[in-house]
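Peer 1: Here you go, this is input-v5.txt (compact mmCIF, C-alpha atoms and all ligand atoms).
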```txt
# COMPACT_ATOMS: atom_id res chain seq x y z
CA MET A 1 -63.62 176.58 6.87
CA SER A 2 -61.99 179.97 6.63
CA GLU A 3 -58.34 180.34 5.73
CA VAL A 4 -55.96 180.05 8.69
CA PHE A 5 -52.70 181.26 7.14
CA MET A 6 -54.18 184.41 5.65
CA GLY A 7 -52.15 186.08 2.96
CA ILE A 8 -49.71 183.21 2.62
CA PRO A 9 -49.85 181.87 -0.92
CA LYS A 10 -48.91 178.43 -2.17
CA ILE A 11 -45.11 178.35 -1.91
CA SER A 12 -43.41 178.03 -5.26
CA TYR A 13 -39.92 177.72 -6.64
CA GLU A 14 -38.27 180.98 -7.66
CA GLY A 15 -34.62 179.96 -7.92
CA ARG A 16 -31.45 180.86 -6.06
CA GLN A 17 -31.57 184.56 -6.88
CA SER A 18 -34.92 185.03 -5.18
CA ARG A 19 -35.14 187.15 -2.04
CA ASN A 20 -38.74 186.22 -1.39
CA PRO A 21 -38.87 184.63 2.07
CA LEU A 22 -41.92 182.64 1.02
CA ALA A 23 -40.38 180.93 -2.01
CA PHE A 24 -38.13 177.94 -2.58
CA LYS A 25 -34.64 178.84 -3.77
CA TYR A 26 -33.47 175.28 -4.51
CA TYR A 27 -36.41 172.93 -4.02
CA ASN A 28 -38.09 172.64 -7.39
CA PRO A 29 -40.53 169.76 -6.95
CA SER A 30 -40.89 168.86 -10.62
CA GLU A 31 -37.20 169.17 -11.54
CA MET A 32 -35.87 165.81 -12.67
CA ILE A 33 -32.80 164.51 -10.90
CA GLY A 34 -31.98 161.34 -12.80
CA ASP A 35 -35.18 159.44 -13.43
CA LYS A 36 -37.13 160.87 -10.49
CA SER A 37 -38.39 164.33 -9.70
CA MET A 38 -37.12 166.14 -6.60
CA GLU A 39 -40.49 165.60 -5.01
CA GLU A 40 -40.26 161.85 -5.57
CA HIS A 41 -36.72 161.68 -4.22
CA LEU A 42 -37.31 163.69 -1.08
CA ARG A 43 -40.78 162.61 0.12
CA PHE A 44 -41.02 165.37 2.74
CA SER A 45 -43.30 165.14 5.75
CA VAL A 46 -44.56 167.57 8.40
CA ALA A 47 -44.46 166.44 12.05
CA ILE A 48 -47.81 167.34 13.58
CA TRP A 49 -46.44 167.39 17.14
CA HIS A 50 -43.74 170.02 16.73
CA THR A 51 -45.40 172.16 14.11
CA PHE A 52 -48.96 172.10 15.43
CA THR A 53 -48.68 171.47 19.16
CA GLY A 54 -45.31 173.07 19.99
CA THR A 55 -45.59 175.95 22.43
CA GLY A 56 -41.97 177.02 22.87
CA SER A 57 -41.97 176.23 26.59
CA ASP A 58 -38.69 175.04 28.10
CA PRO A 59 -37.55 174.11 31.63
CA PHE A 60 -36.95 177.80 32.36
CA GLY A 61 -39.97 179.43 30.85
CA SER A 62 -43.51 179.02 29.72
CA ALA A 63 -45.04 179.06 26.27
CA THR A 64 -44.04 181.79 23.84
CA ILE A 65 -46.20 180.49 21.04
CA THR A 66 -49.96 180.83 20.75
CA ARG A 67 -51.58 179.54 17.63
CA SER A 68 -54.80 180.66 16.07
CA TRP A 69 -56.05 177.04 16.07
CA ASP A 70 -55.62 176.73 19.82
CA ASN A 71 -58.54 178.93 20.79
CA TYR A 72 -61.21 176.33 21.37
CA PRO A 73 -62.62 175.49 24.80
CA ASP A 74 -63.66 172.01 23.65
CA PRO A 75 -60.64 169.73 23.08
CA ILE A 76 -62.31 167.88 20.21
CA ASP A 77 -63.13 171.13 18.42
CA GLN A 78 -59.56 172.17 18.98
CA ALA A 79 -58.19 168.90 17.60
CA LYS A 80 -60.29 169.33 14.47
CA ALA A 81 -59.22 172.95 14.03
CA ARG A 82 -55.59 171.89 14.43
CA MET A 83 -55.90 169.22 11.76
CA THR A 84 -57.69 171.61 9.41
CA ALA A 85 -54.89 174.13 9.86
CA ALA A 86 -52.32 171.38 9.30
CA PHE A 87 -53.87 170.44 5.98
CA GLU A 88 -53.84 174.05 4.79
CA PHE A 89 -50.21 174.42 5.88
CA ILE A 90 -49.02 171.16 4.31
CA THR A 91 -50.86 171.90 1.07
CA LYS A 92 -49.47 175.43 0.83
CA LEU A 93 -45.95 174.05 1.16
CA GLY A 94 -46.65 171.32 -1.39
CA ILE A 95 -45.46 168.68 1.08
CA PRO A 96 -46.85 165.22 0.34
CA TYR A 97 -46.93 163.71 3.85
CA PHE A 98 -47.43 164.19 7.56
CA CYS A 99 -46.61 162.09 10.64
CA PHE A 100 -48.46 161.97 13.94
CA HIS A 101 -48.67 160.49 17.43
CA ASP A 102 -52.10 159.42 18.64
CA ARG A 103 -52.03 162.07 21.36
CA ASP A 104 -50.97 164.95 19.10
CA ILE A 105 -54.05 164.62 16.97
CA ALA A 106 -56.62 163.72 19.63
CA PRO A 107 -56.93 164.44 23.35
CA GLU A 108 -56.47 161.75 25.96
CA GLY A 109 -59.78 160.79 27.60
CA LYS A 110 -60.53 159.98 31.22
CA THR A 111 -60.52 156.28 30.38
CA LEU A 112 -58.80 154.25 27.70
CA ALA A 113 -62.14 153.63 26.01
CA GLU A 114 -62.74 157.38 25.86
CA SER A 115 -59.24 157.97 24.45
CA HIS A 116 -59.93 155.38 21.75
CA LYS A 117 -63.23 157.10 20.95
CA TYR A 118 -61.62 160.54 20.62
CA LEU A 119 -58.85 159.18 18.45
CA GLN A 120 -61.32 157.46 16.18
CA GLU A 121 -63.37 160.63 15.85
CA ILE A 122 -60.33 162.64 14.78
CA ALA A 123 -59.16 159.87 12.47
CA ASP A 124 -62.56 159.92 10.74
CA TYR A 125 -62.39 163.70 10.51
CA THR A 126 -58.86 163.49 9.06
CA LYS A 127 -60.01 160.92 6.53
CA GLY A 128 -62.60 163.43 5.40
CA LEU A 129 -59.91 166.09 4.93
CA MET A 130 -57.81 163.62 2.94
CA LYS A 131 -60.58 163.09 0.40
CA GLY A 132 -59.73 165.21 -2.58
CA SER A 133 -56.44 166.28 -1.02
CA PRO A 134 -52.99 165.09 -2.11
CA VAL A 135 -51.79 164.97 1.53
CA LYS A 136 -50.95 161.47 2.83
CA VAL A 137 -49.70 159.85 6.03
CA LEU A 138 -46.04 158.84 6.11
CA TRP A 139 -46.30 157.24 9.53
CA GLY A 140 -48.25 157.10 12.72
CA THR A 141 -47.09 156.21 16.21
CA ALA A 142 -48.33 156.04 19.79
CA ASN A 143 -47.17 158.45 22.47
CA LEU A 144 -46.05 156.07 25.22
CA PHE A 145 -44.02 158.62 27.19
CA SER A 146 -45.95 161.79 28.14
CA HIS A 147 -48.61 160.48 30.52
CA PRO A 148 -47.46 159.92 34.15
CA ARG A 149 -48.41 156.21 33.92
CA TYR A 150 -45.35 155.81 31.69
CA VAL A 151 -43.00 157.12 34.36
CA HIS A 152 -40.99 153.87 34.32
CA GLY A 153 -41.44 153.09 30.64
CA ALA A 154 -44.14 151.37 28.59
CA ALA A 155 -43.09 148.07 27.00
CA THR A 156 -40.21 148.02 29.48
CA SER A 157 -42.22 149.13 32.50
CA PRO A 158 -41.80 147.02 35.65
CA ASN A 159 -45.60 147.25 35.94
CA ALA A 160 -47.54 144.77 33.77
CA ASP A 161 -50.69 146.91 33.90
CA VAL A 162 -48.77 149.74 32.26
CA TYR A 163 -47.47 147.27 29.67
CA ALA A 164 -51.03 146.23 28.85
CA HIS A 165 -52.18 149.85 28.56
CA ALA A 166 -49.32 150.61 26.18
CA ALA A 167 -50.18 147.56 24.09
CA ALA A 168 -53.79 148.73 23.81
CA GLN A 169 -52.61 152.16 22.74
CA VAL A 170 -50.35 150.71 20.04
CA LYS A 171 -53.15 148.48 18.79
CA LYS A 172 -55.45 151.45 18.33
CA ALA A 173 -52.75 153.72 16.86
CA MET A 174 -51.86 151.05 14.36
CA GLU A 175 -55.50 150.64 13.33
CA VAL A 176 -55.85 154.38 12.83
CA THR A 177 -52.60 154.56 10.87
CA GLN A 178 -53.94 151.83 8.62
CA GLN A 179 -57.30 153.58 8.17
CA LEU A 180 -55.46 156.71 7.07
CA GLY A 181 -53.32 154.77 4.59
CA GLY A 182 -50.10 155.29 6.58
CA GLU A 183 -47.06 153.96 4.74
CA ASN A 184 -45.11 153.11 7.91
CA TYR A 185 -45.60 152.72 11.65
CA VAL A 186 -42.92 153.95 14.06
CA PHE A 187 -41.77 152.75 17.46
CA TRP A 188 -39.65 155.30 19.23
CA GLY A 189 -38.77 154.00 22.68
CA GLY A 190 -39.90 157.09 24.57
CA ARG A 191 -39.04 155.96 28.07
CA GLU A 192 -37.78 152.50 27.17
CA GLY A 193 -34.51 152.67 29.05
CA TYR A 194 -33.33 153.09 32.60
CA GLU A 195 -32.16 155.66 35.11
CA THR A 196 -30.24 153.30 37.41
CA LEU A 197 -29.35 149.61 37.25
CA LEU A 198 -29.86 149.51 41.05
CA ASN A 199 -33.59 149.02 40.44
CA THR A 200 -33.61 147.56 36.92
CA ASN A 201 -33.94 144.06 35.50
CA MET A 202 -32.54 144.85 32.08
CA GLU A 203 -32.86 141.28 30.85
CA LEU A 204 -36.59 141.08 31.58
CA GLU A 205 -37.20 144.58 30.19
CA SER A 206 -35.43 143.68 26.99
CA ASP A 207 -37.29 140.37 26.64
CA ASN A 208 -40.59 142.15 27.30
CA MET A 209 -39.82 144.79 24.70
CA ALA A 210 -39.22 142.01 22.17
CA ARG A 211 -42.49 140.31 23.16
CA PHE A 212 -44.27 143.63 22.66
CA LEU A 213 -42.83 144.07 19.18
CA HIS A 214 -43.67 140.49 18.24
CA MET A 215 -47.27 141.15 19.29
CA ALA A 216 -47.25 144.27 17.11
CA VAL A 217 -45.96 142.30 14.11
CA ASP A 218 -48.65 139.66 14.64
CA TYR A 219 -51.37 142.25 14.91
CA ALA A 220 -50.15 144.15 11.84
CA ARG A 221 -50.40 140.87 9.90
CA GLU A 222 -53.79 140.07 11.35
CA ILE A 223 -55.34 143.36 10.22
CA GLY A 224 -53.48 143.33 6.91
CA PHE A 225 -51.41 146.46 7.63
CA LYS A 226 -48.96 146.68 4.75
CA GLY A 227 -46.85 149.55 6.09
CA GLN A 228 -43.22 149.17 7.08
CA LEU A 229 -42.59 148.86 10.83
CA LEU A 230 -39.75 151.09 12.00
CA ILE A 231 -37.70 151.51 15.17
CA GLU A 232 -36.24 154.95 15.84
CA PRO A 233 -32.92 154.76 17.71
CA LYS A 234 -31.97 157.34 20.32
CA PRO A 235 -29.23 157.00 22.95
CA LYS A 236 -30.55 159.10 25.82
CA GLU A 237 -33.29 161.59 26.73
CA PRO A 238 -35.67 161.23 28.38
CA THR A 239 -34.00 158.28 30.14
CA LYS A 240 -30.33 158.31 30.97
CA HIS A 241 -29.78 155.23 28.86
CA GLN A 242 -32.26 154.37 26.11
CA TYR A 243 -32.21 150.74 24.97
CA ASP A 244 -32.49 151.59 21.24
CA PHE A 245 -29.22 153.48 21.58
CA ASP A 246 -28.17 153.60 17.94
CA VAL A 247 -28.45 151.58 14.73
CA ALA A 248 -25.88 149.04 15.92
CA SER A 249 -27.75 148.36 19.18
CA VAL A 250 -31.08 148.12 17.37
CA LEU A 251 -29.60 145.64 14.87
CA ALA A 252 -28.26 143.46 17.68
CA PHE A 253 -31.65 143.56 19.42
CA LEU A 254 -33.61 142.74 16.28
CA ARG A 255 -31.33 139.83 15.44
CA LYS A 256 -31.32 138.41 18.96
CA TYR A 257 -35.11 138.30 19.02
CA SER A 258 -35.64 137.30 15.35
CA LEU A 259 -37.35 140.59 14.53
CA ASP A 260 -34.88 141.60 11.84
CA LYS A 261 -37.12 140.60 8.93
CA ASP A 262 -39.99 142.73 10.20
CA PHE A 263 -38.36 146.01 11.18
CA LYS A 264 -36.28 148.72 9.61
CA VAL A 265 -34.99 151.88 11.27
CA ASN A 266 -36.12 155.49 11.24
CA ILE A 267 -32.95 157.53 11.63
CA GLU A 268 -33.05 160.96 13.21
CA ALA A 269 -30.08 163.24 12.62
CA ASN A 270 -30.04 164.71 16.12
CA HIS A 271 -30.27 161.25 17.72
CA ALA A 272 -27.24 160.16 15.72
CA THR A 273 -25.19 163.06 17.04
CA LEU A 274 -26.38 162.41 20.61
CA ALA A 275 -25.05 158.85 20.19
CA GLY A 276 -21.66 160.25 19.21
CA HIS A 277 -22.11 159.40 15.54
CA THR A 278 -22.58 161.49 12.46
CA PHE A 279 -25.95 161.39 10.72
CA ASN A 280 -24.39 159.75 7.67
CA HIS A 281 -22.67 157.12 9.83
CA GLU A 282 -26.08 155.95 11.06
CA LEU A 283 -27.58 156.07 7.56
CA HIS A 284 -24.59 154.21 6.15
CA LEU A 285 -24.71 151.47 8.78
CA ALA A 286 -28.44 151.01 8.26
CA ARG A 287 -28.00 150.93 4.49
CA ILE A 288 -25.29 148.29 4.38
CA ASN A 289 -27.41 146.16 6.70
CA GLY A 290 -30.54 146.56 4.59
CA VAL A 291 -32.59 148.36 7.26
CA LEU A 292 -32.63 151.99 6.14
CA GLY A 293 -36.35 152.73 6.30
CA SER A 294 -37.05 156.40 6.91
CA VAL A 295 -35.52 159.60 8.24
CA ASP A 296 -36.40 162.21 10.86
CA ALA A 297 -34.85 165.21 9.17
CA ASN A 298 -33.56 167.68 11.73
CA GLN A 299 -30.23 168.77 13.17
CA GLY A 300 -28.72 169.31 16.60
CA ASP A 301 -26.37 171.94 17.90
CA GLU A 302 -22.74 170.90 18.19
CA LEU A 303 -22.38 172.82 21.43
CA LEU A 304 -25.41 171.36 23.17
CA GLY A 305 -25.78 167.80 24.37
CA TRP A 306 -29.53 167.39 23.97
CA ASP A 307 -32.15 166.86 21.30
CA THR A 308 -32.62 170.42 20.07
CA ASP A 309 -34.61 169.22 17.04
CA GLN A 310 -33.65 172.16 14.85
CA PHE A 311 -34.67 172.45 11.24
CA PRO A 312 -31.95 171.01 9.01
CA THR A 313 -30.11 173.83 7.26
CA ASN A 314 -26.57 172.46 7.14
CA VAL A 315 -26.02 171.59 3.47
CA TYR A 316 -22.84 169.67 4.22
CA THR A 317 -24.86 167.24 6.34
CA THR A 318 -27.82 167.04 3.95
CA THR A 319 -25.43 166.24 1.09
CA LEU A 320 -23.81 163.38 2.97
CA ALA A 321 -27.25 162.14 4.03
CA MET A 322 -28.59 162.23 0.49
CA TYR A 323 -25.48 160.40 -0.67
CA GLU A 324 -26.46 157.47 1.56
CA ILE A 325 -30.12 157.69 0.64
CA LEU A 326 -29.36 157.64 -3.10
CA LYS A 327 -27.01 154.71 -2.63
CA ASN A 328 -29.89 152.98 -0.86
CA GLY A 329 -31.98 153.39 -4.03
CA GLY A 330 -34.06 155.98 -2.18
CA LEU A 331 -36.13 155.67 0.96
CA HIS A 332 -38.80 153.47 -0.68
CA ARG A 333 -41.85 153.71 1.63
CA GLY A 334 -39.98 156.07 3.95
CA GLY A 335 -39.49 159.81 3.69
CA LEU A 336 -37.85 162.89 5.16
CA ASN A 337 -39.97 163.83 8.13
CA PHE A 338 -39.24 167.23 9.67
CA ASP A 339 -39.11 166.11 13.29
CA ALA A 340 -38.00 169.65 14.01
CA LYS A 341 -39.29 172.62 15.95
CA VAL A 342 -38.91 176.31 15.46
CA ARG A 343 -36.84 178.03 18.16
CA ARG A 344 -38.64 179.52 21.11
CA GLY A 345 -37.96 182.98 19.74
CA SER A 346 -39.40 182.12 16.33
CA PHE A 347 -42.98 182.28 17.51
CA SER A 348 -44.82 183.61 14.47
CA GLU A 349 -46.79 181.47 12.05
CA LEU A 350 -44.61 182.85 9.29
CA ASP A 351 -41.62 181.22 11.01
CA LEU A 352 -43.28 177.82 10.56
CA PHE A 353 -43.31 178.33 6.80
CA GLN A 354 -39.80 179.72 6.65
CA ALA A 355 -38.43 176.86 8.74
CA HIS A 356 -39.87 174.22 6.43
CA ILE A 357 -38.74 176.13 3.34
CA ALA A 358 -35.21 176.29 4.79
CA GLY A 359 -35.18 172.55 5.46
CA MET A 360 -36.59 171.66 2.05
CA ASP A 361 -34.08 173.89 0.28
CA ALA A 362 -31.19 172.40 2.27
CA PHE A 363 -32.20 168.88 1.27
CA ALA A 364 -32.67 169.95 -2.37
CA VAL A 365 -29.09 171.27 -2.39
CA GLY A 366 -27.93 168.04 -0.76
CA LEU A 367 -29.81 165.92 -3.29
CA LYS A 368 -28.27 167.69 -6.27
CA ALA A 369 -24.73 167.60 -4.90
CA ALA A 370 -25.00 163.95 -3.88
CA PHE A 371 -26.53 162.97 -7.20
CA SER A 372 -23.67 164.59 -9.16
CA LEU A 373 -21.10 162.99 -6.89
CA LEU A 374 -22.59 159.59 -7.57
CA GLU A 375 -22.91 160.29 -11.26
CA THR A 376 -19.26 161.21 -11.72
CA ARG A 377 -18.26 158.51 -9.23
CA GLU A 378 -15.34 160.64 -8.02
CA LEU A 379 -15.58 159.30 -4.48
CA GLU A 380 -16.62 155.82 -5.53
CA GLU A 381 -13.54 155.48 -7.71
CA VAL A 382 -11.21 156.57 -4.93
CA ILE A 383 -12.77 153.99 -2.61
CA GLU A 384 -12.61 151.23 -5.21
CA LEU A 385 -8.96 151.94 -5.85
CA ARG A 386 -8.24 152.05 -2.13
CA TYR A 387 -9.51 148.49 -1.69
CA SER A 388 -8.24 147.12 -5.00
CA SER A 389 -5.80 144.80 -3.21
CA TYR A 390 -8.83 142.60 -2.49
CA SER A 391 -9.69 142.14 -6.18
CA SER A 392 -6.79 139.88 -7.07
CA GLY A 393 -4.00 137.79 -5.58
CA ILE A 394 -3.92 137.19 -1.85
CA GLY A 395 -6.68 139.77 -1.22
CA LYS A 396 -9.07 137.91 -3.49
CA ASP A 397 -8.20 134.65 -1.74
CA ILE A 398 -9.13 136.30 1.60
CA VAL A 399 -12.43 137.56 0.24
CA ASP A 400 -13.21 134.18 -1.32
CA GLY A 401 -12.52 132.44 1.98
CA LYS A 402 -9.76 130.37 0.44
CA VAL A 403 -7.04 131.02 3.00
CA GLY A 404 -6.57 130.59 6.75
CA LEU A 405 -3.95 131.84 9.19
CA ARG A 406 -1.43 129.19 8.03
CA ALA A 407 -1.61 130.23 4.37
CA LEU A 408 -1.48 133.92 5.28
CA GLU A 409 1.57 133.30 7.45
CA GLN A 410 3.29 131.59 4.57
CA TYR A 411 2.47 134.51 2.31
CA ALA A 412 3.72 137.07 4.85
CA LEU A 413 6.89 135.13 5.64
CA ALA A 414 7.94 135.64 2.03
CA GLU A 415 8.08 139.37 2.97
CA PRO A 416 6.22 140.85 -0.03
CA LEU A 417 6.86 144.59 -0.30
CA ILE A 418 4.23 146.38 1.80
CA LYS A 419 3.31 149.66 0.16
CA ASN A 420 0.51 151.81 1.63
CA THR A 421 -1.02 154.71 -0.24
CA SER A 422 -2.35 158.03 1.03
CA GLY A 423 -5.96 158.22 2.25
CA GLN A 424 -6.22 161.75 0.75
CA GLN A 425 -8.86 162.90 3.21
CA GLU A 426 -8.25 166.62 2.67
CA ARG A 427 -8.48 166.33 -1.10
CA LEU A 428 -11.72 164.39 -0.78
CA GLU A 429 -13.21 166.99 1.56
CA ALA A 430 -12.31 169.66 -0.99
CA ILE A 431 -13.99 167.67 -3.75
CA LEU A 432 -17.12 167.42 -1.63
CA ASN A 433 -17.08 171.21 -1.20
CA GLN A 434 -16.83 171.68 -4.96
CA TYR A 435 -19.97 169.65 -5.50
CA ILE A 436 -21.90 171.46 -2.79
CA LEU A 437 -20.85 174.92 -3.89
CA ARG A 438 -21.59 174.57 -7.56
CA GLY A 439 -25.20 173.62 -6.49
C1 LIG A 501 -38.10 162.13 20.10
C2 LIG A 501 -38.45 161.42 18.89
C3 LIG A 501 -39.93 161.40 18.57
C4 LIG A 501 -40.23 160.32 17.56
C5 LIG A 501 -41.67 159.94 17.48
O1 LIG A 501 -36.95 162.46 20.35
O2 LIG A 501 -37.72 161.95 17.83
O3 LIG A 501 -40.36 162.64 18.13
O4 LIG A 501 -39.80 160.68 16.30
O5 LIG A 501 -42.15 159.46 18.67
NI NI A 502 -37.97 161.52 15.82
NI NI A 503 -35.88 163.45 18.54
```
Let me see the file written as structure tokens.
Peer 2:
Amino acid sequence: MSEVFMGIPKISYEGRQSRNPLAFKYYNPSEMIGDKSMEEHLRFSVAIWHTFTGTGSDPFGSATITRSWDNYPDPIDQAKARMTAAFEFITKLGIPYFCFHDRDIAPEGKTLAESHKYLQEIADYTKGLMKGSPVKVLWGTANLFSHPRYVHGAATSPNADVYAHAAAQVKKAMEVTQQLGGENYVFWGGREGYETLLNTNMELESDNMARFLHMAVDYAREIGFKGQLLIEPKPKEPTKHQYDFDVASVLAFLRKYSLDKDFKVNIEANHATLAGHTFNHELHLARINGVLGSVDANQGDELLGWDTDQFPTNVYTTTLAMYEILKNGGLHRGGLNFDAKVRRGSFSELDLFQAHIAGMDAFAVGLKAAFSLLETRELEEVIELRYSSYSSGIGKDIVDGKVGLRALEQYALAEPLIKNTSGQQERLEAILNQYILRG
């Protein structure tokens, strides 16, 4: 195979003074941060769909992006060329993982059997590329939203035939993910939601979704798939109201249907902001509930209300995200998947490299700042002190479950001196800036 990204060398670390657009300024894979290297902490991944199938089209205009690997009349040849290009790209960036949907890597056939056959052929081809390559699969998933059959959803479709088709697609995608050694399998509820309650049986849809996920858990066990199963919350888009709205809704769903032992969440920054939360709010909530599994590393635009899927360059956000991830003891089997697309105007292949470099550098800055913050415990100490009234006296009795309303009333009737202290938000924000800026 001839080189696709001609003239682009393996990207290396040159340090913050570098002006080389094709070098890392902060991401130094082998640099030790505590007892792990940056590479081990960050576990980056390339999203095949955005980076290798994105065309830049939007509701107002057609494609602005043509890729050199898209020039094949035969869709199977094209799929192979795309995967070959992806491996060169991922290797040149020194990224350890990639993520895929079944339909990004292989074309849909005229029948389900044909689709399965195509997917298997590309999976076998990919397996060949993986031999002797350090590139691995972070997660696989099934695209249950693009084809018109999924117009009313997949696992929440009112049409049982569609449900069955979706189940067959998940079965095959899971098998392929396993064959490629995927470390996780993701369920993002593409069109699992509703447009209007006037035509929707939400209770049945929700029960059916749970049945679907139980079948997936059973099948994963049956074939010995050891990867972590993940649900990716998103509040809206494409449907008006997506069922997996945010981490809190997903937790309630998992607990209601006894799926909480089998699933964790894959948190996407832009989905958090669409839900009216910060990225670190969603990571934090997942962490304290033991379900922080993986991350779709992107960012939205504060002025736009949709999933812009931009590359993450905001170091303030990456620092707060890495703070949660470090407190979680890392992402374990998960990683930081760039579910991000270059802007429509950034149509060159060079832009693809620069976008990933920008995202990797932003997370490297975030990692270092967050690590130092945790090492000095400046924020941790403030928080501990703020809640210290629960370490002794009446507070400890509350925490230990020793008192009820009667005992608390008695305590309060004695009118102990109530003395609140400042929350010091501005000082804490300034401290955070100090850690980011000394990078
Ligand atoms: C779309 C989602 C999607 C999932 C994978 O908004 O982010 O890309 O990550 O199906
Ligand atoms: Ni995503
Ligand atoms: Ni998204």
Peer 1: Between A:Thr91, A:Ser133, A:Thr66, A:Thr308, which has the minimum distance to ligand LIG 501 (chain A) (counting all atoms listed in the file)?
Peer 2: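 So, comparing all the options, the nearest one is A:Thr308.
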Peer 1: Trp139 in chain A: which residues within 12 Å, counting only C-alpha atoms, same-chain residues fewer than 4 positions away excluded, as a ChimeraX atom specification?
Peer 2: /A:44-48,97-102,173-188,226-231,266,293-296,333-337
Peer 1: As an exercise, work out the distance from CA of Tyr435 in chain A to CA of Ala369 in chain A in Å and give it to one decimal place.
Peer 2: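 CA of Ala369 in chain A lies at a distance of 5.2 Å from CA of Tyr435 in chain A.
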Peer 1: What's the separation between CA of Arg287 in chain A and CA of Leu320 in chain A, in Å to one decimal place?
Peer 2: 13.2 Å
Peer 1: Near range 364-366 of chain A, counting only C-alpha atoms, which residues have an atom at most 7 Å away, once you skip same-chain residues fewer than 5 positions from it, shown as a list in words?
Peer 2: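 What passes the distance filter is Tyr26, Tyr27, Val315, Thr318, Thr319, Met322 and Gly439 of chain A.
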Peer 1: To check your reading of the model: which residues sit at most 8 Å from ligand LIG 501 (chain A) when counting all atoms listed in the file? Write the answer as a ChimeraX atom specification.
Peer 2: /A:49,100-101,141-143,186-190,232,234,237,268,271,296,307,309,339
Peer 1: Given all atoms listed in the file as the basis, pick out the residue of A:Tyr118, A:Phe311, A:Phe52, A:Phe263 nearest to ligand NI 503 (chain A).
Peer 2: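 So, comparing all the options, the nearest one is A:Phe311.
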Peer 1: Identify which of the residues A:Phe371, A:Trp306, A:Phe363, A:Tyr323 lies closest to ligand NI 503 (chain A), counting only C-alpha atoms and all ligand atoms when measuring atom-to-atom distances.
Peer 2: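 Checking each of A:Phe371, A:Trp306, A:Phe363, A:Tyr323 against ligand NI 503 (chain A), counting only C-alpha atoms and all ligand atoms, the winner is A:Trp306.
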Peer 1: What does the structure give for the distance between CA of Val162 in chain A and CA of Tyr150 in chain A, in Å to one decimal?
Peer 2: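 Value for the CA of Val162 in chain A-CA of Tyr150 in chain A distance: 7.0 Å.
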Peer 1: Report as a CSV table (one decimal) with C-alpha atoms, in the frame of the given file all protein, DNA and RNA residues lying within 9 Å of range 207-211 of chain A, evaluated on only C-alpha atoms, omitting residues in the same chain fewer than 5 positions from it.
Peer 2:
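That gives us result-v3.csv:
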```csv
chain,number,residue,atom,x,y,z
A,154,ALA,CA,-44.1,151.4,28.6
A,155,ALA,CA,-43.1,148.1,27.0
A,156,THR,CA,-40.2,148.0,29.5
A,157,SER,CA,-42.2,149.1,32.5
A,163,TYR,CA,-47.5,147.3,29.7
A,192,GLU,CA,-37.8,152.5,27.2
A,202,MET,CA,-32.5,144.8,32.1
A,216,ALA,CA,-47.2,144.3,17.1
A,253,PHE,CA,-31.6,143.6,19.4
A,254,LEU,CA,-33.6,142.7,16.3
A,257,TYR,CA,-35.1,138.3,19.0
A,259,LEU,CA,-37.4,140.6,14.5
```
Peer 1: For each of A:Asn420, A:Thr273, A:Thr196, A:Asn201, take the minimum atom-to-atom distance to ligand NI 503 (chain A), counting all atoms listed in the file, then give the residue where this is smallest.
Peer 2: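 Result for the nearest residue to ligand NI 503 (chain A): A:Thr273.
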Peer 1: Just the residues within 10 Å of range 38-41 of chain A, please, counting only C-alpha atoms, with nothing from its chain fewer than 5 positions along; format it as a ChimeraX atom specification.
Peer 2: /A:27-33,94-96,322,325-326,329-332,335-336,363-364,367-368
Peer 1: Mind listing as a list in words all residues within 10 Å of (-51.1, 177.4, 6.3), counting only C-alpha atoms?
Peer 2: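 Those residues, ordered by chain and then number, are Glu3, Val4, Phe5, Met6, Gly7, Ile8, Pro9, Lys10, Thr84, Ala85, Ala86, Phe87, Glu88, Phe89, Ile90, Thr91, Lys92, Leu93, Glu349, Leu350, Leu352 and Phe353 of chain A.
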Peer 1: Store the residues picked out above, limited to C-alpha atoms, as a compact mmCIF listing (two decimals), in the frame of the given file.
Peer 2:
```txt
# COMPACT_ATOMS: atom_id res chain seq x y z
CA GLU A 3 -58.34 180.34 5.73
CA VAL A 4 -55.96 180.05 8.69
CA PHE A 5 -52.70 181.26 7.14
CA MET A 6 -54.18 184.41 5.65
CA GLY A 7 -52.15 186.08 2.96
CA ILE A 8 -49.71 183.21 2.62
CA PRO A 9 -49.85 181.87 -0.92
CA LYS A 10 -48.91 178.43 -2.17
CA THR A 84 -57.69 171.61 9.41
CA ALA A 85 -54.89 174.13 9.86
CA ALA A 86 -52.32 171.38 9.30
CA PHE A 87 -53.87 170.44 5.98
CA GLU A 88 -53.84 174.05 4.79
CA PHE A 89 -50.21 174.42 5.88
CA ILE A 90 -49.02 171.16 4.31
CA THR A 91 -50.86 171.90 1.07
CA LYS A 92 -49.47 175.43 0.83
CA LEU A 93 -45.95 174.05 1.16
CA GLU A 349 -46.79 181.47 12.05
CA LEU A 350 -44.61 182.85 9.29
CA LEU A 352 -43.28 177.82 10.56
CA PHE A 353 -43.31 178.33 6.80
```
Peer 1: Might you pull out every residue within 12 Å of Gly345 in chain A, with all atoms listed in the file counted and same-chain residues fewer than 2 positions away left off, and present them as a count of residues only?
Peer 2: 16
Peer 1: Could you check the closest approach to Tyr411 in chain A for each of A:Ile11, A:Leu285, A:Leu213, A:Ile398 and tell me which residue wins, using all atoms listed in the file?
Peer 2: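 Closest to Tyr411 in chain A of all the choices is A:Ile398.
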Peer 1: For ligand NI 502 (chain A), which residue among A:Tyr72, A:Val291, A:Ala79, A:Ala340 is the nearest when counting all atoms listed in the file?
Peer 2: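 So, comparing all the options, the nearest one is A:Ala340.
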